[in-house]
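Shown next: my_file.cif, containing mmCIF, C-alpha atoms.
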```cif
data_coords
loop_
_atom_site.label_atom_id
_atom_site.label_comp_id
_atom_site.auth_asym_id
_atom_site.auth_seq_id
_atom_site.Cartn_x
_atom_site.Cartn_y
_atom_site.Cartn_z
CA MET A 1 20.94 19.69 -188.46
CA THR A 2 24.56 20.53 -189.18
CA GLY A 3 25.48 21.60 -185.68
CA VAL A 4 26.75 18.17 -184.66
CA THR A 5 29.63 18.40 -187.10
CA VAL A 6 30.73 21.91 -186.29
CA LEU A 7 30.68 22.00 -182.50
CA LYS A 8 33.96 22.94 -180.88
CA LEU A 9 33.60 21.84 -177.29
CA VAL A 10 36.21 21.27 -174.64
CA ASP A 11 34.09 19.05 -172.39
CA PRO A 12 33.43 15.28 -172.61
CA ILE A 13 30.36 15.61 -174.80
CA TYR A 14 32.59 16.48 -177.78
CA THR A 15 33.85 12.90 -177.84
CA ILE A 16 30.30 11.62 -177.61
CA LEU A 17 29.23 13.84 -180.50
CA MET A 18 31.97 12.53 -182.70
CA GLU A 19 31.21 8.92 -181.78
CA PHE A 20 27.44 9.05 -182.24
CA GLU A 21 26.45 10.71 -185.46
CA PRO A 22 23.99 11.86 -186.64
CA LEU A 23 22.06 13.86 -184.06
CA ARG A 24 19.34 11.24 -183.65
CA GLU A 25 21.85 8.67 -182.44
CA LEU A 26 23.34 11.13 -179.97
CA LEU A 27 19.99 12.12 -178.49
CA GLU A 28 18.73 8.53 -178.37
CA THR A 29 21.91 7.50 -176.58
CA LEU A 30 21.53 10.25 -173.98
CA TYR A 31 17.80 9.50 -173.66
CA ASP A 32 18.53 5.85 -172.95
CA ARG A 33 21.10 6.92 -170.38
CA TYR A 34 18.82 9.22 -168.38
CA ASN A 35 15.28 7.97 -169.01
CA ARG A 36 15.58 5.46 -166.17
CA THR A 37 14.02 4.94 -162.80
CA GLU A 38 17.32 5.53 -160.99
CA PHE A 39 17.18 9.17 -162.07
CA ILE A 40 13.74 9.69 -160.51
CA ALA A 41 14.80 10.02 -156.86
CA PRO A 42 16.63 13.39 -157.05
CA ASP A 43 14.08 14.89 -159.46
CA PRO A 44 10.80 16.68 -158.57
CA ILE A 45 8.90 13.95 -160.44
CA SER A 46 9.77 11.68 -157.52
CA VAL A 47 7.09 13.43 -155.44
CA PRO A 48 4.05 12.38 -157.53
CA HIS A 49 5.71 8.98 -157.88
CA ARG A 50 5.02 8.48 -154.17
CA PHE A 51 1.31 8.16 -154.96
CA GLU A 52 -0.77 5.64 -156.89
CA GLY A 53 -4.06 7.41 -157.50
CA ARG A 54 -4.54 9.56 -160.60
CA GLU A 55 -5.85 12.62 -158.75
CA ASP A 56 -3.11 12.39 -156.10
CA ARG A 57 -0.47 12.25 -158.82
CA GLU A 58 -2.01 15.18 -160.67
CA ILE A 59 -2.08 17.43 -157.61
CA ALA A 60 1.29 16.32 -156.22
CA GLY A 61 2.76 16.77 -159.70
CA PHE A 62 1.26 20.21 -160.22
CA LEU A 63 2.38 21.55 -156.83
CA SER A 64 5.85 20.01 -157.16
CA ALA A 65 6.23 21.50 -160.63
CA THR A 66 5.03 24.87 -159.32
CA ILE A 67 8.02 25.15 -156.99
CA ALA A 68 10.52 23.50 -159.38
CA TRP A 69 13.15 26.22 -159.55
CA GLY A 70 16.45 26.39 -157.73
CA ASN A 71 18.26 23.52 -156.03
CA ARG A 72 16.66 20.17 -156.86
CA ARG A 73 17.26 18.73 -153.41
CA ALA A 74 15.48 21.71 -151.86
CA ILE A 75 12.63 21.40 -154.38
CA VAL A 76 12.06 17.72 -153.57
CA GLY A 77 12.40 18.28 -149.83
CA ASN A 78 9.96 21.18 -149.76
CA ALA A 79 7.48 19.43 -152.05
CA CYS A 80 7.55 16.38 -149.77
CA ARG A 81 6.98 18.69 -146.82
CA MET A 82 3.94 20.12 -148.60
CA MET A 83 2.56 16.62 -149.04
CA SER A 84 3.09 15.78 -145.37
CA TYR A 85 1.12 18.88 -144.34
CA MET A 86 -1.59 17.65 -146.69
CA ASP A 87 -1.64 14.35 -144.78
CA ASN A 88 0.04 12.63 -147.75
CA ALA A 89 -3.39 12.54 -149.37
CA PRO A 90 -3.30 15.60 -151.65
CA ALA A 91 -6.54 14.97 -153.55
CA ASP A 92 -8.56 14.41 -150.40
CA PHE A 93 -6.95 17.43 -148.77
CA VAL A 94 -7.69 19.72 -151.71
CA LYS A 95 -11.32 18.63 -151.76
CA ASN A 96 -12.06 18.41 -148.05
CA ALA A 97 -9.57 20.30 -145.86
CA SER A 98 -11.12 22.52 -143.22
CA GLU A 99 -10.11 26.13 -142.68
CA GLU A 100 -8.08 25.04 -139.67
CA GLU A 101 -6.25 22.45 -141.77
CA LEU A 102 -5.59 25.01 -144.49
CA ARG A 103 -4.03 27.38 -141.97
CA LYS A 104 -1.43 24.71 -141.15
CA LEU A 105 0.00 25.24 -144.64
CA THR A 106 1.28 28.69 -143.68
CA VAL A 107 4.57 27.12 -142.54
CA CYS A 108 5.33 25.77 -146.02
CA VAL A 109 7.90 27.88 -147.89
CA HIS A 110 10.02 27.38 -150.99
CA ARG A 111 12.02 30.46 -151.85
CA THR A 112 9.42 33.13 -152.75
CA PHE A 113 6.52 30.65 -152.77
CA ASN A 114 5.11 30.80 -149.26
CA GLY A 115 2.27 29.41 -147.21
CA GLU A 116 -0.14 32.12 -148.35
CA ASP A 117 0.53 31.10 -151.94
CA LEU A 118 0.05 27.42 -151.17
CA ILE A 119 -3.29 28.04 -149.49
CA ALA A 120 -4.38 30.11 -152.50
CA TYR A 121 -3.34 27.29 -154.84
CA VAL A 122 -5.21 24.68 -152.82
CA ARG A 123 -8.31 26.88 -152.95
CA ALA A 124 -7.88 27.33 -156.71
CA LEU A 125 -7.52 23.59 -157.21
CA ARG A 126 -10.62 23.00 -155.10
CA SER A 127 -12.53 25.41 -157.33
CA LEU A 128 -11.35 23.55 -160.43
CA PHE A 129 -12.45 20.25 -158.90
CA ARG A 130 -15.86 21.73 -158.14
CA ARG A 131 -16.34 23.15 -161.63
CA TYR A 132 -14.63 20.53 -163.81
CA GLY A 133 -14.33 17.34 -161.79
CA SER A 134 -10.55 17.20 -161.47
CA LEU A 135 -7.35 18.79 -162.69
CA GLY A 136 -6.95 16.16 -165.39
CA GLU A 137 -10.52 16.52 -166.58
CA PHE A 138 -10.01 20.24 -167.05
CA PHE A 139 -6.82 19.80 -169.08
CA GLU A 140 -8.13 16.94 -171.19
CA GLY A 141 -11.44 18.65 -171.76
CA ARG A 142 -9.83 21.89 -172.89
CA TYR A 143 -7.43 20.05 -175.16
CA ALA A 144 -10.30 18.13 -176.75
CA ALA A 145 -12.00 21.47 -177.42
CA THR A 146 -8.99 23.41 -178.72
CA GLY A 147 -6.37 20.87 -179.89
CA SER A 148 -3.74 23.37 -178.78
CA ILE A 149 -1.51 23.16 -175.71
CA PRO A 150 -0.81 26.93 -175.72
CA SER A 151 -4.57 27.54 -175.70
CA VAL A 152 -5.01 25.05 -172.86
CA LEU A 153 -2.29 26.75 -170.80
CA SER A 154 -3.88 30.13 -171.42
CA ASP A 155 -7.32 28.84 -170.39
CA PHE A 156 -5.86 27.09 -167.34
CA ARG A 157 -4.25 30.21 -165.94
CA ARG A 158 -7.42 32.21 -166.43
CA GLU A 159 -9.59 29.57 -164.76
CA PHE A 160 -7.06 28.91 -162.00
CA PHE A 161 -7.17 32.51 -160.88
CA ALA A 162 -10.93 32.93 -161.39
CA GLU A 163 -11.58 32.87 -157.63
CA PRO A 164 -10.38 35.62 -155.24
CA HIS A 165 -6.67 35.20 -154.49
CA PRO A 166 -3.61 37.19 -153.42
CA ILE A 167 -2.22 39.00 -156.45
CA ARG A 168 1.30 37.98 -155.38
CA SER A 169 0.38 34.34 -156.06
CA GLU A 170 -0.01 34.99 -159.80
CA LYS A 171 3.74 35.30 -160.32
CA HIS A 172 4.22 31.60 -159.59
CA LEU A 173 2.08 30.49 -162.54
CA SER A 174 3.63 31.67 -165.80
CA SER A 175 1.54 33.28 -168.51
CA ILE A 176 1.93 31.86 -172.00
CA ASP A 177 -0.02 34.89 -173.27
CA LYS A 178 2.91 37.07 -172.17
CA GLY A 179 5.44 34.97 -174.08
CA SER A 180 6.71 32.92 -171.16
CA ALA A 181 8.26 29.54 -171.94
CA CYS A 182 6.14 28.17 -169.05
CA LYS A 183 8.88 25.71 -168.14
CA ARG A 184 7.19 24.38 -165.02
CA LEU A 185 3.76 23.97 -166.62
CA ASN A 186 5.25 22.27 -169.67
CA MET A 187 7.24 19.98 -167.39
CA PHE A 188 4.04 19.07 -165.55
CA LEU A 189 2.34 18.32 -168.89
CA ARG A 190 5.28 16.13 -169.88
CA TRP A 191 4.89 14.13 -166.68
CA MET A 192 1.18 13.61 -167.25
CA ILE A 193 1.25 12.95 -171.02
CA ARG A 194 4.41 11.10 -172.11
CA ARG A 195 3.90 7.37 -171.79
CA ASP A 196 6.88 5.44 -173.10
CA SER A 197 8.66 4.73 -169.83
CA GLU A 198 8.45 4.29 -166.08
CA VAL A 199 9.52 7.91 -165.57
CA ASP A 200 6.53 9.85 -166.90
CA PHE A 201 2.98 8.78 -166.00
CA GLY A 202 1.09 8.96 -169.31
CA ILE A 203 -2.27 9.26 -167.56
CA TRP A 204 -3.73 11.99 -169.78
CA ARG A 205 -4.50 9.87 -172.80
CA ASN A 206 -6.42 12.50 -174.79
CA PHE A 207 -3.22 14.41 -175.47
CA SER A 208 -0.72 13.61 -178.18
CA PRO A 209 2.94 13.74 -177.05
CA CYS A 210 3.83 15.33 -180.40
CA GLU A 211 2.08 18.53 -179.21
CA LEU A 212 4.22 18.99 -176.11
CA ILE A 213 6.53 21.99 -175.79
CA ILE A 214 9.92 21.28 -174.26
CA PRO A 215 10.34 22.51 -170.67
CA LEU A 216 13.00 25.15 -171.21
CA ASP A 217 15.45 25.65 -168.35
CA THR A 218 19.11 26.60 -168.14
CA HIS A 219 20.39 23.06 -168.77
CA VAL A 220 18.16 22.41 -171.79
CA SER A 221 18.86 25.88 -173.17
CA GLU A 222 22.63 25.45 -172.88
CA MET A 223 22.66 22.02 -174.50
CA ALA A 224 20.26 23.06 -177.28
CA PHE A 225 22.48 26.05 -178.02
CA ARG A 226 25.62 23.89 -178.14
CA LEU A 227 23.94 21.45 -180.51
CA GLU A 228 22.77 24.36 -182.66
CA LEU A 229 19.13 23.44 -182.22
CA THR A 230 18.68 27.16 -181.55
CA ARG A 231 20.70 30.34 -181.91
CA SER A 232 19.38 31.76 -178.66
CA LYS A 233 19.76 31.02 -174.97
CA SER A 234 16.68 33.04 -174.06
CA TYR A 235 13.99 31.54 -171.83
CA THR A 236 11.08 32.55 -174.01
CA LEU A 237 8.14 30.75 -175.57
CA ASN A 238 9.56 31.43 -179.03
CA ASN A 239 12.85 29.76 -178.13
CA ALA A 240 11.10 26.80 -176.52
CA ARG A 241 9.11 26.37 -179.73
CA THR A 242 12.26 26.67 -181.85
CA ILE A 243 14.00 23.92 -179.87
CA THR A 244 10.87 21.76 -179.89
CA ALA A 245 10.54 22.15 -183.66
CA ALA A 246 14.18 21.13 -184.11
CA LEU A 247 13.67 18.07 -181.92
CA ALA A 248 10.48 17.25 -183.83
CA GLU A 249 12.59 16.81 -186.97
CA VAL A 250 14.39 14.03 -185.12
CA PHE A 251 11.48 12.64 -183.06
CA PRO A 252 8.29 13.76 -184.86
CA GLU A 253 5.95 11.71 -182.68
CA ASP A 254 7.53 12.76 -179.39
CA PRO A 255 9.86 15.78 -179.51
CA CYS A 256 10.09 15.97 -175.71
CA LEU A 257 11.93 12.68 -175.78
CA GLY A 258 14.85 15.04 -176.29
CA ASP A 259 14.16 16.68 -172.93
CA PHE A 260 15.67 13.71 -171.09
CA ALA A 261 18.75 13.84 -173.26
CA LEU A 262 19.36 17.57 -172.99
CA PHE A 263 18.41 18.00 -169.34
CA GLY A 264 20.01 14.77 -168.17
CA TYR A 265 23.36 15.57 -169.68
CA GLY A 266 23.19 19.22 -168.61
CA ILE A 267 22.39 18.48 -164.97
CA ASN A 268 24.62 15.46 -164.49
CA GLU A 269 27.70 15.90 -166.65
CA LEU A 270 28.29 19.47 -167.84
#
```
Would you encode the structure as C-alpha cells?
Amino acid sequence: MTGVTVLKLVDPIYTILMEFEPLRELLETLYDRYNRTEFIAPDPISVPHRFEGREDREIAGFLSATIAWGNRRAIVGNACRMMSYMDNAPADFVKNASEEELRKLTVCVHRTFNGEDLIAYVRALRSLFRRYGSLGEFFEGRYAATGSIPSVLSDFRREFFAEPHPIRSEKHLSSIDKGSACKRLNMFLRWMIRRDSEVDFGIWRNFSPCELIIPLDTHVSEMAFRLELTRSKSYTLNNARTITAALAEVFPEDPCLGDFALFGYGINEL
C-alpha cells in the first residue's frame, strides 16, 4: 500500500491524504464522514428504507438496485414511482397482483428499463417466492450451500430467468459468468448483508461481510485508481476483485467498508 505516499493530485483529497496516513486512517475517516443517515436520502438505498418488513425491503432494494445507473435523483424518483404503482406494498404486490394490476406497470420507465421489463421482473420474483419462499431465502440458502458469492450470483441469474421472459430483460441483470463486475447486484448484497450502521440493513445474517465484492462504479473506480488500489479503471469482475482484495488488507472482516469511503468522496467532492 504505497500509493498514499506517491499520489500527485491537484484536488482537495491530496491534503487529506497527507494529513491522514496510512491508508487505513484515510479510509476510516472518509467512511465516518459518509456512512451516516444524512447521506441516505439522495441514494437509491433510501427506497428500501421506506419499508419496515424484511420482504418489502428485499424487493424494494432489488428493484431499486436494478435501475441504479445514471442520475441518482432520477433513480430514486423512478424507483419510488415503481413502489407507488405496487401500492407501496412490494412484497404483497409481487405475490398477489392480478394481471390487470401488472399491466399498470407498463408506464414505469427508467432509461432503457421499461414497463415490460418491470412486469417480467415481478413475474420472476413471484416465481422465486413460489419455489424458494422469498428472495432472501434463495440467497441465504444458496450461500449456505456454496459459500461463494460469485456462485450465488450465477445461480440467481439462472433461476431468475428460469420462467418465460422477454429476452431484452436479461440485459438489466448482469452476468458474473461473463466477467461482469455486477455493480448493481453487489450493491444490493451490500445493503442486505453489511450490518455495522443505520445505512445498510444487515438482514441476511447467513452471509459474512468479508465475502462481499465491492460495487464497482465510476466513482469507486476513479478513487481506487488514484489511491493505487488498482492499476486499472476497467469495470470488470477482475478489477472489482482486485480492489476488494486491496481493501481486505485494510479491513479484512469487511472490505466493503471502503465502498462508503471511495464512493462517498467520489460522488460528493471530486
Evaluating the PyMOL selection byres ((chain A and resi 248) around 12) on the displayed file yields which residues, as a PDB file with C-alpha atoms, keeping the file's coordinate frame?
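Just written: selection_27.pdb:
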```
ATOM      1  CA  MET A   1      20.940  19.690-188.460  1.00  0.00           C
ATOM      2  CA  ARG A  24      19.340  11.240-183.650  1.00  0.00           C
ATOM      3  CA  PRO A 209       2.940  13.740-177.050  1.00  0.00           C
ATOM      4  CA  CYS A 210       3.830  15.330-180.400  1.00  0.00           C
ATOM      5  CA  GLU A 211       2.080  18.530-179.210  1.00  0.00           C
ATOM      6  CA  LEU A 212       4.220  18.990-176.110  1.00  0.00           C
ATOM      7  CA  ILE A 213       6.530  21.990-175.790  1.00  0.00           C
ATOM      8  CA  ILE A 214       9.920  21.280-174.260  1.00  0.00           C
ATOM      9  CA  LEU A 229      19.130  23.440-182.220  1.00  0.00           C
ATOM     10  CA  ARG A 241       9.110  26.370-179.730  1.00  0.00           C
ATOM     11  CA  THR A 242      12.260  26.670-181.850  1.00  0.00           C
ATOM     12  CA  ILE A 243      14.000  23.920-179.870  1.00  0.00           C
ATOM     13  CA  THR A 244      10.870  21.760-179.890  1.00  0.00           C
ATOM     14  CA  ALA A 245      10.540  22.150-183.660  1.00  0.00           C
ATOM     15  CA  ALA A 246      14.180  21.130-184.110  1.00  0.00           C
ATOM     16  CA  LEU A 247      13.670  18.070-181.920  1.00  0.00           C
ATOM     17  CA  GLU A 249      12.590  16.810-186.970  1.00  0.00           C
ATOM     18  CA  VAL A 250      14.390  14.030-185.120  1.00  0.00           C
ATOM     19  CA  PHE A 251      11.480  12.640-183.060  1.00  0.00           C
ATOM     20  CA  PRO A 252       8.290  13.760-184.860  1.00  0.00           C
ATOM     21  CA  GLU A 253       5.950  11.710-182.680  1.00  0.00           C
ATOM     22  CA  ASP A 254       7.530  12.760-179.390  1.00  0.00           C
ATOM     23  CA  PRO A 255       9.860  15.780-179.510  1.00  0.00           C
ATOM     24  CA  CYS A 256      10.090  15.970-175.710  1.00  0.00           C
ATOM     25  CA  LEU A 257      11.930  12.680-175.780  1.00  0.00           C
ATOM     26  CA  GLY A 258      14.850  15.040-176.290  1.00  0.00           C
ATOM     27  CA  ASP A 259      14.160  16.680-172.930  1.00  0.00           C
TER      28      ASP A 259
END
```
Quiz prompt | Residues in the PyMOL selection byres ((chain A and resi 166) around 12), expressed as JSON, numbers by chain | solution = {"A": [114, 115, 116, 117, 118, 119, 120, 121, 123, 124, 161, 162, 163, 164, 165, 167, 168, 169, 170, 171, 172]}
Self-check item: Matched chain/residue IDs from the PyMOL selection byres ((chain A and resi 180) around 12), as a ChimeraX atom specification
Solution: /A:150,153-154,171-179,181-186,213,215-217,234-241
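You will find CA of Leu125 (chain A) at 26.6 Å from CA of Glu198 (chain A).
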Quiz item: Got a sec: who's within 9 Å of Arg111 (chain A), counting all atoms listed in the file, leaving out chain neighbours fewer than 2 positions off, as a PyMOL selection string?
Solution: chain A and resi 67+69-70+109+113-114
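The list of residues with at least one atom within 8 Å of Pro42 (chain A), based on all atoms listed in the file and without residues fewer than 4 positions apart in the same chain, reads Ser46, Arg72, Arg73 and Val76 of chain A.
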Self-check item: Residues within 7 Å of Ala261 (chain A), only C-alpha atoms, excluding chain neighbours under 5 positions, as a ChimeraX atom specification
Solution: /A:27,30-31,34
Quiz prompt | CA of Asn96 (chain A) to CA of Glu137 (chain A), straight-line distance in Å | solution = 18.7 Å
How big is the axis-aligned box around all listed atoms of region 233-236 of chain A once 8 Å goes on each side, and where's its centre, in Å to one decimal, as AutoDock Vina command-line options?
```
--center_x 15.4 --center_y 32.0 --center_z -173.4 --size_x 24.7 --size_y 18.0 --size_z 19.1
```
Quiz item: How many Å separate CA of Ala60 (chain A) from CA of Ser208 (chain A)?
Solution: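 A separation of 22.2 Å between them.
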Exercise. Using all atoms listed in the file, determine which residues lie at most 12 Å from Gly53 (chain A), disregarding the query and same-chain residues fewer than 5 positions distant; provide the list as number ranges by chain.
Key: A: 48, 58-61, 88-92, 201, 203
Quiz prompt | A:Arg36, A:Arg50, A:His110, A:Arg103 ranked by distance to Met83 (chain A), top pick (using all atoms listed in the file) | solution = A:Arg50
Self-check item: Residue with smallest distance to Ser98 (chain A) - pool A:Met82, A:Ile45, A:Val122, A:Leu63, counting only C-alpha atoms
Solution: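 Ranked by minimum distance to Ser98 (chain A), first place goes to A:Val122.
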Quiz prompt | Proximity to Arg190 (chain A) - best of A:Gly264, A:Thr37, A:Thr218, A:Phe62, only C-alpha atoms | solution =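 Of A:Gly264, A:Thr37, A:Thr218, A:Phe62, the one nearest Arg190 (chain A), counting only C-alpha atoms, is A:Phe62.
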Just add all heavy atoms to region 158-169 of chain A and send it as a PDB file, in the frame of the given file.
```pdb
ATOM      1  N   ARG A 158      -6.239  31.368-166.640  1.00  0.00           N
ATOM      2  CA  ARG A 158      -7.420  32.210-166.430  1.00  0.00           C
ATOM      3  C   ARG A 158      -8.388  31.552-165.449  1.00  0.00           C
ATOM      4  O   ARG A 158      -8.884  32.196-164.507  1.00  0.00           O
ATOM      5  CB  ARG A 158      -8.120  32.483-167.757  1.00  0.00           C
ATOM      6  CG  ARG A 158      -9.316  33.420-167.626  1.00  0.00           C
ATOM      7  CD  ARG A 158     -10.014  33.661-168.950  1.00  0.00           C
ATOM      8  NE  ARG A 158     -10.551  32.422-169.516  1.00  0.00           N
ATOM      9  CZ  ARG A 158     -10.014  31.789-170.551  1.00  0.00           C
ATOM     10  NH1 ARG A 158      -8.937  32.271-171.152  1.00  0.00           N
ATOM     11  NH2 ARG A 158     -10.557  30.675-171.008  1.00  0.00           N
ATOM     12  N   GLU A 159      -8.656  30.268-165.643  1.00  0.00           N
ATOM     13  CA  GLU A 159      -9.590  29.570-164.760  1.00  0.00           C
ATOM     14  C   GLU A 159      -9.005  29.365-163.368  1.00  0.00           C
ATOM     15  O   GLU A 159      -9.728  29.399-162.374  1.00  0.00           O
ATOM     16  CB  GLU A 159      -9.964  28.217-165.378  1.00  0.00           C
ATOM     17  CG  GLU A 159     -10.822  28.313-166.619  1.00  0.00           C
ATOM     18  CD  GLU A 159     -12.175  28.955-166.332  1.00  0.00           C
ATOM     19  OE1 GLU A 159     -12.832  28.537-165.359  1.00  0.00           O
ATOM     20  OE2 GLU A 159     -12.554  29.889-167.061  1.00  0.00           O
ATOM     21  N   PHE A 160      -7.712  29.145-163.289  1.00  0.00           N
ATOM     22  CA  PHE A 160      -7.060  28.910-162.000  1.00  0.00           C
ATOM     23  C   PHE A 160      -7.195  30.120-161.093  1.00  0.00           C
ATOM     24  O   PHE A 160      -7.396  29.986-159.880  1.00  0.00           O
ATOM     25  CB  PHE A 160      -5.584  28.574-162.226  1.00  0.00           C
ATOM     26  CG  PHE A 160      -4.873  28.066-160.996  1.00  0.00           C
ATOM     27  CD1 PHE A 160      -5.013  26.743-160.598  1.00  0.00           C
ATOM     28  CD2 PHE A 160      -4.055  28.899-160.255  1.00  0.00           C
ATOM     29  CE1 PHE A 160      -4.361  26.268-159.472  1.00  0.00           C
ATOM     30  CE2 PHE A 160      -3.389  28.428-159.128  1.00  0.00           C
ATOM     31  CZ  PHE A 160      -3.545  27.110-158.735  1.00  0.00           C
ATOM     32  N   PHE A 161      -7.096  31.289-161.679  1.00  0.00           N
ATOM     33  CA  PHE A 161      -7.170  32.510-160.880  1.00  0.00           C
ATOM     34  C   PHE A 161      -8.555  33.172-160.956  1.00  0.00           C
ATOM     35  O   PHE A 161      -8.690  34.371-160.711  1.00  0.00           O
ATOM     36  CB  PHE A 161      -6.089  33.501-161.321  1.00  0.00           C
ATOM     37  CG  PHE A 161      -4.699  33.070-160.941  1.00  0.00           C
ATOM     38  CD1 PHE A 161      -3.719  32.910-161.921  1.00  0.00           C
ATOM     39  CD2 PHE A 161      -4.369  32.805-159.627  1.00  0.00           C
ATOM     40  CE1 PHE A 161      -2.431  32.510-161.579  1.00  0.00           C
ATOM     41  CE2 PHE A 161      -3.088  32.402-159.272  1.00  0.00           C
ATOM     42  CZ  PHE A 161      -2.109  32.257-160.245  1.00  0.00           C
ATOM     43  N   ALA A 162      -9.575  32.382-161.275  1.00  0.00           N
ATOM     44  CA  ALA A 162     -10.930  32.930-161.390  1.00  0.00           C
ATOM     45  C   ALA A 162     -11.497  33.306-160.026  1.00  0.00           C
ATOM     46  O   ALA A 162     -12.304  34.243-159.915  1.00  0.00           O
ATOM     47  CB  ALA A 162     -11.848  31.928-162.073  1.00  0.00           C
ATOM     48  N   GLU A 163     -11.101  32.583-158.982  1.00  0.00           N
ATOM     49  CA  GLU A 163     -11.580  32.870-157.630  1.00  0.00           C
ATOM     50  C   GLU A 163     -10.699  33.936-156.982  1.00  0.00           C
ATOM     51  O   GLU A 163      -9.557  34.157-157.396  1.00  0.00           O
ATOM     52  CB  GLU A 163     -11.544  31.589-156.794  1.00  0.00           C
ATOM     53  CG  GLU A 163     -12.396  30.454-157.341  1.00  0.00           C
ATOM     54  CD  GLU A 163     -13.882  30.727-157.221  1.00  0.00           C
ATOM     55  OE1 GLU A 163     -14.277  31.488-156.315  1.00  0.00           O
ATOM     56  OE2 GLU A 163     -14.650  30.185-158.041  1.00  0.00           O
ATOM     57  N   PRO A 164     -11.202  34.629-155.955  1.00  0.00           N
ATOM     58  CA  PRO A 164     -10.380  35.620-155.240  1.00  0.00           C
ATOM     59  C   PRO A 164      -9.083  34.986-154.725  1.00  0.00           C
ATOM     60  O   PRO A 164      -9.077  33.855-154.224  1.00  0.00           O
ATOM     61  CB  PRO A 164     -11.286  36.045-154.082  1.00  0.00           C
ATOM     62  CG  PRO A 164     -12.680  35.795-154.567  1.00  0.00           C
ATOM     63  CD  PRO A 164     -12.583  34.557-155.421  1.00  0.00           C
ATOM     64  N   HIS A 165      -7.985  35.726-154.866  1.00  0.00           N
ATOM     65  CA  HIS A 165      -6.670  35.200-154.490  1.00  0.00           C
ATOM     66  C   HIS A 165      -5.709  36.361-154.281  1.00  0.00           C
ATOM     67  O   HIS A 165      -5.937  37.465-154.804  1.00  0.00           O
ATOM     68  CB  HIS A 165      -6.129  34.283-155.596  1.00  0.00           C
ATOM     69  CG  HIS A 165      -5.971  34.996-156.903  1.00  0.00           C
ATOM     70  ND1 HIS A 165      -7.016  35.163-157.797  1.00  0.00           N
ATOM     71  CD2 HIS A 165      -4.892  35.621-157.469  1.00  0.00           C
ATOM     72  CE1 HIS A 165      -6.594  35.833-158.842  1.00  0.00           C
ATOM     73  NE2 HIS A 165      -5.316  36.139-158.672  1.00  0.00           N
ATOM     74  N   PRO A 166      -4.620  36.136-153.545  1.00  0.00           N
ATOM     75  CA  PRO A 166      -3.610  37.190-153.420  1.00  0.00           C
ATOM     76  C   PRO A 166      -2.939  37.444-154.769  1.00  0.00           C
ATOM     77  O   PRO A 166      -2.532  36.498-155.447  1.00  0.00           O
ATOM     78  CB  PRO A 166      -2.608  36.603-152.414  1.00  0.00           C
ATOM     79  CG  PRO A 166      -3.315  35.465-151.759  1.00  0.00           C
ATOM     80  CD  PRO A 166      -4.292  34.940-152.752  1.00  0.00           C
ATOM     81  N   ILE A 167      -2.830  38.670-155.159  1.00  0.00           N
ATOM     82  CA  ILE A 167      -2.220  39.000-156.450  1.00  0.00           C
ATOM     83  C   ILE A 167      -0.790  38.467-156.529  1.00  0.00           C
ATOM     84  O   ILE A 167      -0.334  38.041-157.594  1.00  0.00           O
ATOM     85  CB  ILE A 167      -2.243  40.529-156.686  1.00  0.00           C
ATOM     86  CG1 ILE A 167      -3.693  41.022-156.773  1.00  0.00           C
ATOM     87  CG2 ILE A 167      -1.494  40.893-157.968  1.00  0.00           C
ATOM     88  CD1 ILE A 167      -4.504  40.390-157.876  1.00  0.00           C
ATOM     89  N   ARG A 168      -0.079  38.454-155.391  1.00  0.00           N
ATOM     90  CA  ARG A 168       1.300  37.980-155.380  1.00  0.00           C
ATOM     91  C   ARG A 168       1.411  36.535-155.860  1.00  0.00           C
ATOM     92  O   ARG A 168       2.442  36.134-156.409  1.00  0.00           O
ATOM     93  CB  ARG A 168       1.920  38.096-153.986  1.00  0.00           C
ATOM     94  CG  ARG A 168       1.182  37.342-152.891  1.00  0.00           C
ATOM     95  CD  ARG A 168       2.052  37.037-151.662  1.00  0.00           C
ATOM     96  NE  ARG A 168       2.944  35.919-151.907  1.00  0.00           N
ATOM     97  CZ  ARG A 168       4.268  36.005-151.851  1.00  0.00           C
ATOM     98  NH1 ARG A 168       4.856  37.149-151.572  1.00  0.00           N
ATOM     99  NH2 ARG A 168       5.013  34.928-152.079  1.00  0.00           N
ATOM    100  N   SER A 169       0.342  35.752-155.689  1.00  0.00           N
ATOM    101  CA  SER A 169       0.380  34.340-156.060  1.00  0.00           C
ATOM    102  C   SER A 169       0.415  34.130-157.570  1.00  0.00           C
ATOM    103  O   SER A 169       0.805  33.055-158.040  1.00  0.00           O
ATOM    104  CB  SER A 169      -0.825  33.605-155.465  1.00  0.00           C
ATOM    105  OG  SER A 169      -0.828  33.696-154.062  1.00  0.00           O
TER     106      SER A 169
END
```
